[in-house]
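Step one of this worksheet: look at the structure below.
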Amino acid sequence: MTKSTHTSQETERQAPRLRISNLHVSFANRAHRWLQRNASRIHAVHGVDLSLQPGACLGLVGESGCGKSTLARAIMGLVPLDRGTVALDGSDVQCTNSRSSRQRIQMIFQHAHASMNPRMTVESIVTDPLRFDDRCRKSERTQRVAGALQLAGFDEQLRGRYPHELSGGQLQRVAIARALVLEPDVVICDEPVSALDVSAQAEILAQLKDIQQTRSLTMIFITHDLDIAAAICDRLAVMYLGRIVESGPTAEILRHPKHPYTHYLSTARNLERTGGLAQLEGEPPSPTAPPAGCAFHPRCPIRTDQCIAQTPSLASTGQPSSQHQVACHHSDRIVELQKITTTD
Amino acid sequence: MWHYILKRILLTIPTFVGIVLLTFLLIHQAPGSPATGSAGGFGESGVSAADHARLRAQFELDAPIIVRFGHWMKRVVCFDFGQSFADGRPVSQRIAERLVPTLTLTFAIIAIAFAIVIPVATYAATHPGQLVDKIILAACVGFYAIPPYILGMILILLVGVALNWFPFAGLTSDDFATLSTWQKFKDVISHSALIGSCFLIPLVAYLVPFVRATMLSVLKEDFVRAAHARGLSHRRVMLCHVLPNTLRPLLTVMGLIVPAVLGGSVVLEVMFSWPGMGRLLFESIHDRDYPVIMGMTVLTAMIVLGVTLVVDLLYAWADPRVRYV
Amino acid sequence: MTIANPTNPILWTDRASASKRRNWLTRSAAAIAITFILVALLAPLLAWHQPIVCKYQGKYYFPAISDTASRLPLVGSWFQKAKPFRFPSFDARTELEPNAFALWPPVPYGPMEMVADANCAASRAHWLGTDDRGRDVLARLIHGACVSVRVGVYSMLLAGIVGIVIGGAAGFCGGAIDWMCSRLIEIMMCFPAFFLILVVMVWIGNGVTGIILVIGLTQWTSIARLVRAEFLSGRELDFVDAARSYGASGWYIALRHLLPAALAPTLVALTFGVADAILLEAGLSWLGLGVGADVATWGGMLRDAYDQIRTHPGLMTAPCAAIFISVLCCHILGEQLRRSLDPRIGFGESRS
Amino acid sequence: MSERSAHSMFEVTDLSVRYARGEAPVLRDVSLTIDRGESIALVGDSGCGKSTLALAAIRLLPKTACIRGSIVLRGDHRAMPVDILGSDERAIERVRGRRIAMVFQDPIGSLNPVMRIEKQLAEVLRVVRGASRSTARRAALESLDRVGIADPIRVGRAYPHELSGGMAQRVALALALAGEPELLIADEPTSALDGIVQAQIVELIRETQRQTNLSLLLITHDMAIAKSLANRVCVIEANRLVDDCPIDQLTASNRHAATERLIQAAEFKRSAAITLMERTP
């Protein structure tokens, strides 16, 4: 199956390439696994719905521990799902479970160094996935590897090196090449630049954006940095404690955040001006004991009793045509919040 | 913390049952059992008919297997291993009188070893690459490669025979009963000095590089640097921050030392005619005294199991990070 | 919780300063180890009571060579069955004609042969003298190496295989299998190795094969723990997740990604284990519970020396030196292996 | 430079460092002054030697390191100038924590893993401030409160691994500020933290500076953080100090290439966001 037949089948652009519905992932709580009647489970991902059009780039934003990496691993099938489906072009990846449909989603890991076997050279690292590609003949492997490395902007000369002999930026390029060598339709990038120097960050981001556009890849880009997400994503989804609290077009969310949490996330970017702005206090609550109702209410300045009693669900805001969705009972009162923060 | 302790204690139960089962299988395979007929022990002669009969009687080898296992389990729990073939006394009594010297020696050695190792290793770790450090390490490599029994023979030859400083046979002198308490104490110490050093020297040679390497890696950690940056004195950083973090891994090693010392005691105790567990085992093997052999095997395993348990609990006490695992 | 791995002493941690000396040390250790193995393989060519080549009743015989060949591992049994050489059925020392052609090994005595007076000093005829029963010490030393090398190598091969299989299964499968394997390892570790070996030796009797089996089947626990820990931590690593994400099967991940990482520390532990096995065997032989009185072993020689420690202390020297040197070689080689198998210091340095 | 050094409180002159004899230098001829109450940001890519400078300033480099040049802490009137590199170990121990303090990049790693937080704090308070055993605990809780920890009693009872990164960095700051130092060296204090927490820590440092007239030497690779905290930026590239300019002249046209590159890299993300916002109505 080649890419052209795919696109021709999808005459209407509406059919999503990747559709995630009602995804739940939880882990046994290691601290209390034993001898405790109420052996609690940590709900890492709590009913996430996402859908991506072919060629779309979705930014998944949130603080560490909010479940965004778990969501990525769940989509990849690396952690078992409690509930929910991951559908690629309309067919459930879990059900078909065939290797070739799995290979259509690839992932770039946060720590490029850790994601590579230290005993393998760059070349063998990038070749390894091709062993499991039934369509790729042995003779084609070298060529495919060279192509992928070139696409990722990796210096051909260094293909015989071991991971520990490369710089962070070069390693991340190898990781990109490894993800692309199987020619996937969907690529999930889990904080691909957060471990890099600022200048290397810019290079890698530009490269990723370039690849995404020329190949019309569908991409999920996970990051804790709104700036980075803004630089390359056309849609954003903000996660807080395992749930998506706001999603919509990037510019829309950056300009008019509707959820208080998103509001604080975007204020935190303006480090120089934080002196004039009120900040979000406290730390994200522990996922072992999530607060009742809206998970954000303990830190929220505009909470009401309703927030404690009832968990808000993701709903469209303002004009129904807009894709901007938010999970907040008081998204209309966000203006008050903006007043609080600027006058203080 | 309490959960961890309870969990750890409960986990010893399957291990305990496993030990009992393994020893049971060993008896089942014993010469004279239904399984092996008359397979010989060591030496020229096999097992005599009388031995067969006694073995069958004492271990009830004719009863159904489940009954036998149940009985064996009960015996282990009650520390009742029957009568010794050699002198007819209860096995537990025979073992008990040998257990005390061996365990005392073992723990004394570990204590002395730690007292030597910690200052030496600290010095080496704080002066890495210097001449003294290199000499210490080279000496450790050399001494660690000397097997204890060769060390024993060398010590007997040099210190015992040539210099005649210490006695090297037995635990007490012949006139032990006539001595005063203090002299008795001195007598026992001097009789144990040589065998003790045979255990001690390789142990120290093993531990010094280990502690040195651990300390070097602790010294490289951020919190040590941060402690210095906070203005704590060098002495305080070493005592309150570096040492506690260095000694934690040492606890684990202690759990491994005990079985090693117990196991290594056979040759040395025979060599020094020192009345401990190892020599008792050797004697019973010579006499084919199966009740004692089995009792010893189970009992040492129990001791090691207990020590491991204590070490694990101590470790959890010393390192808050493992309590929640 | 499981106990952290028993770590062998980590020596010479500062790399740059000592690399030259270590190189020299390692080379000599490797040379000595190879010499020991060669001596063990070719023992009858070096010391035997039969000549290497001789002419007996008009025919040429190769007694020592055929003996060496039939002792070789793997192919030895074929030599015994197929008999490509003429196997002698005579005692060369007494039956050979005095002036018949005979090429003797450098030490023309067997290990159990009483060839001279007891306790001779070193001389041209007996380079290291003779023991209390008039047997040549050098010949016994050479044949003792056979036993030590065989016990050391084979028992560790056995321990390595058992340890990798059990530890790997525990670490890779996890869950109930891990629980069971861990308990099994724990049970085995509760018995002091030497006690268990002694007790089992009582049941199965003397013999090299028995010793190899017993040592191998009691010494695998540390290997298994090592492999299990390596697999467990490996399972959590990102590169294993990466391999899973591009569709690699469990077996492929275990063999290609996890096993190589586990193999390096295993190899190191096995090298140290060879030293332990040699020591265990010598200790057993010292107690008279080892391979038996009809085979020359270093432990047995040590025992003979111990019995005469007051009268002939010099007898100790040869077996002591042999055991010490072989153990030291194993330790040095193990230490060097540890450094060179670490991908971060080993491969990288040698490449760039 | 010369007119500034008259009231500078900290002076680094021609500092060169190599970690071992014969190795390539990690710092070459770096000179730097910090005035009282001033905040300096030392910016550069990883491996350029900026952390080495921080460690040299508090003399925590390994003993094998070869150091040339001089570092002098002048401080205010209450104390004599100290030659950091030349003094004996005792004297330096009295400077560390009391006059120069440091926070590290990895907050959890910089706390002793087997000691409760309040014990670590009490230890420092006893040593540095001479507090008695009984008052130290209360003072420890107070200092936790001062760095914005909402629940000092619970955090005080905790072990470092039980804290989140932001919480641990607050604790590390409390430890560093226990001795009321004149100069705080912050080595990448926020780069291991998330956006919101990062902003919180930046704000905390700024607030502390406002209250105590603390001088700050901030080490970072991120120009955005540098701009938010410092009033002067020093750029290090390839082991040399290549640029030293007040924050308001950062955008001037004649800056060093390395500075421009760092500014551009920091702007890359921001500008992308801004253009995106401008593009859509």
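By order of appearance in the structure tokens: chains A, B, ..., then residues from 1 within every chain, and ligands from 1 in the order shown.
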Output as an mmCIF file with all heavy atoms, in the first residue's frame the set of chain C residues within 6 Å of chain B, with distances taken over only C-alpha atoms.
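Contents of iface.cif, as written:
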data_model
loop_
_atom_site.group_PDB
_atom_site.id
_atom_site.type_symbol
_atom_site.label_atom_id
_atom_site.label_comp_id
_atom_site.auth_asym_id
_atom_site.auth_seq_id
_atom_site.Cartn_x
_atom_site.Cartn_y
_atom_site.Cartn_z
ATOM 1 N N PRO C 9 35.306 -6.427 43.891
ATOM 2 C CA PRO C 9 35.984 -5.161 44.161
ATOM 3 C C PRO C 9 36.331 -4.439 42.872
ATOM 4 O O PRO C 9 36.797 -5.059 41.913
ATOM 5 C CB PRO C 9 37.236 -5.575 44.915
ATOM 6 C CG PRO C 9 37.339 -7.034 44.764
ATOM 7 C CD PRO C 9 35.999 -7.562 44.470
ATOM 8 N N ILE C 10 36.072 -3.198 42.866
ATOM 9 C CA ILE C 10 36.368 -2.418 41.676
ATOM 10 C C ILE C 10 37.736 -1.798 41.888
ATOM 11 O O ILE C 10 37.926 -0.987 42.784
ATOM 12 C CB ILE C 10 35.302 -1.341 41.462
ATOM 13 C CG1 ILE C 10 33.949 -2.005 41.317
ATOM 14 C CG2 ILE C 10 35.614 -0.503 40.250
ATOM 15 C CD1 ILE C 10 32.816 -1.122 41.698
ATOM 16 N N LEU C 11 38.649 -2.210 41.100
ATOM 17 C CA LEU C 11 40.030 -1.818 41.348
ATOM 18 C C LEU C 11 40.454 -0.767 40.345
ATOM 19 O O LEU C 11 39.890 -0.647 39.271
ATOM 20 C CB LEU C 11 40.935 -3.032 41.203
ATOM 21 C CG LEU C 11 40.443 -4.254 41.976
ATOM 22 C CD1 LEU C 11 41.214 -5.474 41.571
ATOM 23 C CD2 LEU C 11 40.585 -4.013 43.456
ATOM 24 N N ARG C 183 12.727 -16.682 44.110
ATOM 25 C CA ARG C 183 12.715 -17.490 45.332
ATOM 26 C C ARG C 183 13.751 -18.612 45.211
ATOM 27 O O ARG C 183 14.477 -18.892 46.152
ATOM 28 C CB ARG C 183 11.335 -18.083 45.565
ATOM 29 C CG ARG C 183 10.251 -17.074 45.945
ATOM 30 C CD ARG C 183 10.455 -16.427 47.295
ATOM 31 N NE ARG C 183 11.349 -15.283 47.246
ATOM 32 C CZ ARG C 183 11.019 -14.093 46.748
ATOM 33 N NH1 ARG C 183 9.826 -13.890 46.264
ATOM 34 N NH2 ARG C 183 11.883 -13.112 46.717
ATOM 35 N N ILE C 187 16.700 -19.240 47.732
ATOM 36 C CA ILE C 187 16.879 -20.493 48.475
ATOM 37 C C ILE C 187 18.307 -20.992 48.299
ATOM 38 O O ILE C 187 18.981 -21.354 49.260
ATOM 39 C CB ILE C 187 15.864 -21.544 47.973
ATOM 40 C CG1 ILE C 187 14.455 -21.138 48.384
ATOM 41 C CG2 ILE C 187 16.204 -22.915 48.517
ATOM 42 C CD1 ILE C 187 13.377 -21.868 47.641
ATOM 43 N N CYS C 190 20.873 -19.175 50.281
ATOM 44 C CA CYS C 190 20.861 -19.337 51.738
ATOM 45 C C CYS C 190 21.817 -20.425 52.190
ATOM 46 O O CYS C 190 22.266 -20.427 53.324
ATOM 47 C CB CYS C 190 19.449 -19.659 52.216
ATOM 48 S SG CYS C 190 18.469 -18.192 52.451
ATOM 49 N N PHE C 191 22.098 -21.375 51.311
ATOM 50 C CA PHE C 191 23.041 -22.413 51.696
ATOM 51 C C PHE C 191 24.449 -21.915 51.430
ATOM 52 O O PHE C 191 24.757 -21.532 50.305
ATOM 53 C CB PHE C 191 22.809 -23.682 50.883
ATOM 54 C CG PHE C 191 21.515 -24.354 51.188
ATOM 55 C CD1 PHE C 191 20.399 -24.119 50.407
ATOM 56 C CD2 PHE C 191 21.407 -25.215 52.256
ATOM 57 C CE1 PHE C 191 19.203 -24.727 50.691
ATOM 58 C CE2 PHE C 191 20.213 -25.830 52.550
ATOM 59 C CZ PHE C 191 19.108 -25.590 51.770
ATOM 60 N N PRO C 192 25.313 -21.943 52.439
ATOM 61 C CA PRO C 192 26.700 -21.635 52.134
ATOM 62 C C PRO C 192 27.190 -22.631 51.090
ATOM 63 O O PRO C 192 26.983 -23.837 51.243
ATOM 64 C CB PRO C 192 27.412 -21.846 53.468
ATOM 65 C CG PRO C 192 26.360 -21.701 54.492
ATOM 66 C CD PRO C 192 25.100 -22.192 53.858
ATOM 67 N N PHE C 194 29.883 -23.932 50.103
ATOM 68 C CA PHE C 194 30.788 -25.026 50.424
ATOM 69 C C PHE C 194 30.058 -26.128 51.198
ATOM 70 O O PHE C 194 30.309 -27.317 50.996
ATOM 71 C CB PHE C 194 31.976 -24.498 51.231
ATOM 72 C CG PHE C 194 33.186 -25.349 51.117
ATOM 73 C CD1 PHE C 194 34.041 -25.201 50.047
ATOM 74 C CD2 PHE C 194 33.470 -26.302 52.082
ATOM 75 C CE1 PHE C 194 35.155 -26.003 49.934
ATOM 76 C CE2 PHE C 194 34.585 -27.098 51.964
ATOM 77 C CZ PHE C 194 35.434 -26.950 50.895
ATOM 78 N N PHE C 195 29.136 -25.733 52.080
ATOM 79 C CA PHE C 195 28.359 -26.722 52.824
ATOM 80 C C PHE C 195 27.568 -27.592 51.870
ATOM 81 O O PHE C 195 27.579 -28.812 51.955
ATOM 82 C CB PHE C 195 27.385 -26.008 53.779
ATOM 83 C CG PHE C 195 27.971 -25.660 55.114
ATOM 84 C CD1 PHE C 195 29.310 -25.346 55.224
ATOM 85 C CD2 PHE C 195 27.187 -25.676 56.258
ATOM 86 C CE1 PHE C 195 29.856 -25.012 56.442
ATOM 87 C CE2 PHE C 195 27.730 -25.352 57.496
ATOM 88 C CZ PHE C 195 29.064 -25.020 57.585
ATOM 89 N N VAL C 202 28.917 -36.022 49.368
ATOM 90 C CA VAL C 202 28.747 -37.249 50.138
ATOM 91 C C VAL C 202 27.802 -38.178 49.391
ATOM 92 O O VAL C 202 28.033 -39.383 49.309
ATOM 93 C CB VAL C 202 28.169 -36.933 51.524
ATOM 94 C CG1 VAL C 202 27.933 -38.209 52.299
ATOM 95 C CG2 VAL C 202 29.098 -36.034 52.273
ATOM 96 N N TRP C 203 26.770 -37.600 48.826
ATOM 97 C CA TRP C 203 25.792 -38.455 48.138
ATOM 98 C C TRP C 203 26.372 -39.000 46.840
ATOM 99 O O TRP C 203 26.226 -40.164 46.532
ATOM 100 C CB TRP C 203 24.523 -37.684 47.812
ATOM 101 C CG TRP C 203 23.677 -37.104 48.905
ATOM 102 C CD1 TRP C 203 22.698 -36.185 48.719
ATOM 103 C CD2 TRP C 203 23.682 -37.383 50.301
ATOM 104 N NE1 TRP C 203 22.120 -35.871 49.923
ATOM 105 C CE2 TRP C 203 22.693 -36.582 50.915
ATOM 106 C CE3 TRP C 203 24.430 -38.219 51.130
ATOM 107 C CZ2 TRP C 203 22.416 -36.598 52.271
ATOM 108 C CZ3 TRP C 203 24.168 -38.236 52.490
ATOM 109 C CH2 TRP C 203 23.183 -37.445 53.040
ATOM 110 N N GLY C 205 29.581 -39.007 45.630
ATOM 111 C CA GLY C 205 30.901 -39.609 45.607
ATOM 112 C C GLY C 205 31.909 -38.797 44.829
ATOM 113 O O GLY C 205 31.604 -37.738 44.285
ATOM 114 N N PHE C 324 47.705 -19.681 43.763
ATOM 115 C CA PHE C 324 47.718 -18.220 43.893
ATOM 116 C C PHE C 324 47.799 -17.556 42.524
ATOM 117 O O PHE C 324 47.036 -16.635 42.210
ATOM 118 C CB PHE C 324 48.900 -17.797 44.769
ATOM 119 C CG PHE C 324 49.074 -16.316 44.873
ATOM 120 C CD1 PHE C 324 48.149 -15.548 45.560
ATOM 121 C CD2 PHE C 324 50.155 -15.692 44.279
ATOM 122 C CE1 PHE C 324 48.301 -14.183 45.661
ATOM 123 C CE2 PHE C 324 50.314 -14.326 44.371
ATOM 124 C CZ PHE C 324 49.387 -13.567 45.060
ATOM 125 N N VAL C 327 44.556 -17.928 40.501
ATOM 126 C CA VAL C 327 43.485 -17.079 41.021
ATOM 127 C C VAL C 327 43.752 -15.614 40.677
ATOM 128 O O VAL C 327 42.869 -14.884 40.210
ATOM 129 C CB VAL C 327 43.352 -17.277 42.549
ATOM 130 C CG1 VAL C 327 42.442 -16.208 43.137
ATOM 131 C CG2 VAL C 327 42.809 -18.644 42.852
ATOM 132 N N LEU C 328 44.997 -15.206 40.869
ATOM 133 C CA LEU C 328 45.356 -13.809 40.578
ATOM 134 C C LEU C 328 45.111 -13.484 39.102
ATOM 135 O O LEU C 328 44.587 -12.431 38.755
ATOM 136 C CB LEU C 328 46.816 -13.569 40.951
ATOM 137 C CG LEU C 328 47.283 -12.129 40.955
ATOM 138 C CD1 LEU C 328 46.515 -11.335 41.996
ATOM 139 C CD2 LEU C 328 48.778 -12.048 41.238
#
Interface, chain B side, toward chain D (10 Å; only C-alpha atoms) as a PyMOL selection string:
chain B and resi 127+220-234+236+240-242+244-245+248+317-321
For the residues in the current selection, export C-alpha atoms as a PDB file, in the first residue's frame.
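Generated file (part-v1.pdb):
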ATOM      1  CA  HIS B 127      43.712  10.507  48.049  1.00  0.00           C
ATOM      2  CA  LYS B 220      31.362  12.728  42.830  1.00  0.00           C
ATOM      3  CA  GLU B 221      27.668  13.225  43.590  1.00  0.00           C
ATOM      4  CA  ASP B 222      26.038  16.593  43.530  1.00  0.00           C
ATOM      5  CA  PHE B 223      24.875  16.620  47.109  1.00  0.00           C
ATOM      6  CA  VAL B 224      28.432  16.352  48.419  1.00  0.00           C
ATOM      7  CA  ARG B 225      29.447  19.327  46.366  1.00  0.00           C
ATOM      8  CA  ALA B 226      26.314  21.138  47.511  1.00  0.00           C
ATOM      9  CA  ALA B 227      27.095  20.334  51.146  1.00  0.00           C
ATOM     10  CA  HIS B 228      30.534  21.893  50.691  1.00  0.00           C
ATOM     11  CA  ALA B 229      28.976  24.896  49.016  1.00  0.00           C
ATOM     12  CA  ARG B 230      26.708  25.397  52.000  1.00  0.00           C
ATOM     13  CA  GLY B 231      29.739  26.008  54.161  1.00  0.00           C
ATOM     14  CA  LEU B 232      29.856  22.732  56.082  1.00  0.00           C
ATOM     15  CA  SER B 233      33.344  21.766  57.170  1.00  0.00           C
ATOM     16  CA  HIS B 234      35.166  19.027  55.315  1.00  0.00           C
ATOM     17  CA  ARG B 236      31.293  17.271  58.739  1.00  0.00           C
ATOM     18  CA  CYS B 240      27.404  13.218  58.004  1.00  0.00           C
ATOM     19  CA  HIS B 241      26.958  13.062  54.265  1.00  0.00           C
ATOM     20  CA  VAL B 242      29.573  10.905  52.575  1.00  0.00           C
ATOM     21  CA  PRO B 244      26.283   7.243  55.570  1.00  0.00           C
ATOM     22  CA  ASN B 245      25.814   7.051  51.840  1.00  0.00           C
ATOM     23  CA  ARG B 248      24.594   1.606  52.804  1.00  0.00           C
ATOM     24  CA  TRP B 317      15.928   1.731  57.622  1.00  0.00           C
ATOM     25  CA  ALA B 318      19.084   3.316  56.224  1.00  0.00           C
ATOM     26  CA  ASP B 319      17.704   4.227  52.823  1.00  0.00           C
ATOM     27  CA  PRO B 320      14.238   5.766  52.700  1.00  0.00           C
ATOM     28  CA  ARG B 321      14.075   5.190  48.960  1.00  0.00           C
TER      29      ARG B 321
END
Spatial neighbours of stretch 108-111 of chain C, 6 Å, only C-alpha atoms, chain gap at least 2 places, as a PyMOL selection string
chain C and resi 47-49+104-106+113+139-140
Limited to C-alpha atoms, could you put the picked residues into a file as an mmCIF file, in the first residue's frame?
data_model
loop_
_atom_site.group_PDB
_atom_site.id
_atom_site.type_symbol
_atom_site.label_atom_id
_atom_site.label_comp_id
_atom_site.auth_asym_id
_atom_site.auth_seq_id
_atom_site.Cartn_x
_atom_site.Cartn_y
_atom_site.Cartn_z
ATOM 1 C CA ALA C 47 54.931 -35.097 32.021
ATOM 2 C CA TRP C 48 54.034 -38.750 31.567
ATOM 3 C CA HIS C 49 55.297 -42.165 32.463
ATOM 4 C CA TRP C 104 60.373 -38.949 26.516
ATOM 5 C CA PRO C 105 58.431 -35.901 27.685
ATOM 6 C CA PRO C 106 60.507 -33.209 29.422
ATOM 7 C CA GLU C 113 54.310 -42.796 39.863
ATOM 8 C CA ALA C 139 54.605 -33.936 37.197
ATOM 9 C CA ARG C 140 51.892 -33.706 39.819
#
Please identify which residues in stretch 30-173 of chain C DSSP calls helix (DSSP H, G or I) from the backbone, and express them as a VMD selection string.
chain C and resid 30 to 41 43 to 46 63 to 71 76 to 82 92 to 95 137 to 173
Show me, as an mmCIF file with N, CA and C atoms, in the first residue's frame, every residue of chain A with an atom at most 6 Å from chain C, counting only C-alpha atoms.
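Generated file (part14.cif):
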data_model
loop_
_atom_site.group_PDB
_atom_site.id
_atom_site.type_symbol
_atom_site.label_atom_id
_atom_site.label_comp_id
_atom_site.auth_asym_id
_atom_site.auth_seq_id
_atom_site.Cartn_x
_atom_site.Cartn_y
_atom_site.Cartn_z
ATOM 1 N N ARG A 99 1.721 -6.152 12.659
ATOM 2 C CA ARG A 99 2.949 -5.380 12.764
ATOM 3 C C ARG A 99 2.931 -4.197 11.802
ATOM 4 N N GLN A 103 3.493 -0.269 12.584
ATOM 5 C CA GLN A 103 4.664 0.438 12.079
ATOM 6 C C GLN A 103 4.307 1.751 11.413
ATOM 7 N N ALA A 114 19.233 7.579 25.562
ATOM 8 C CA ALA A 114 18.707 6.385 26.216
ATOM 9 C C ALA A 114 17.918 5.522 25.247
ATOM 10 N N SER A 115 17.419 6.126 24.174
ATOM 11 C CA SER A 115 16.578 5.349 23.268
ATOM 12 C C SER A 115 17.407 4.580 22.250
ATOM 13 N N MET A 116 18.722 4.605 22.420
ATOM 14 C CA MET A 116 19.566 3.859 21.484
ATOM 15 C C MET A 116 20.443 2.877 22.227
ATOM 16 N N ASN A 117 20.520 1.692 21.682
ATOM 17 C CA ASN A 117 21.367 0.664 22.274
ATOM 18 C C ASN A 117 22.824 1.118 22.194
ATOM 19 N N PRO A 129 15.006 -1.180 12.542
ATOM 20 C CA PRO A 129 13.563 -1.258 12.259
ATOM 21 C C PRO A 129 13.260 -1.957 10.938
#
Just want the 10 Å neighbourhood of D:Cys234, counted on only C-alpha atoms, with same-chain residues fewer than 4 positions away dropped. Output as a ChimeraX atom specification.
/D:32,40-44,218-219,226,230,241-247,259
Given a cut-off of 6 Å, which residues of chain A touch chain D, counting only C-alpha atoms, written out as a ChimeraX atom specification?
/A:63,198-199,227-228,230-231,251,268,271-272
Could you take the residues named above and write them with C-alpha atoms, as a compact mmCIF listing (two decimals), in the first residue's frame?
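The result, stored in out.txt:
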# COMPACT_ATOMS: atom_id res chain seq x y z
CA GLU A 63 3.64 20.08 32.92
CA VAL A 198 18.92 26.33 22.78
CA SER A 199 20.75 26.65 19.48
CA ASP A 227 6.81 28.46 22.68
CA ILE A 228 8.10 25.32 21.07
CA ALA A 230 3.62 27.37 18.97
CA ALA A 231 6.61 27.22 16.67
CA ALA A 251 -3.07 30.90 17.54
CA ALA A 268 4.72 31.82 32.54
CA LEU A 271 9.64 35.41 32.19
CA GLU A 272 10.76 39.01 31.99
To one decimal place in Å, what is the distance between atom CA of A:Asp49 and atom CA of A:Gln306?
23.7 Å
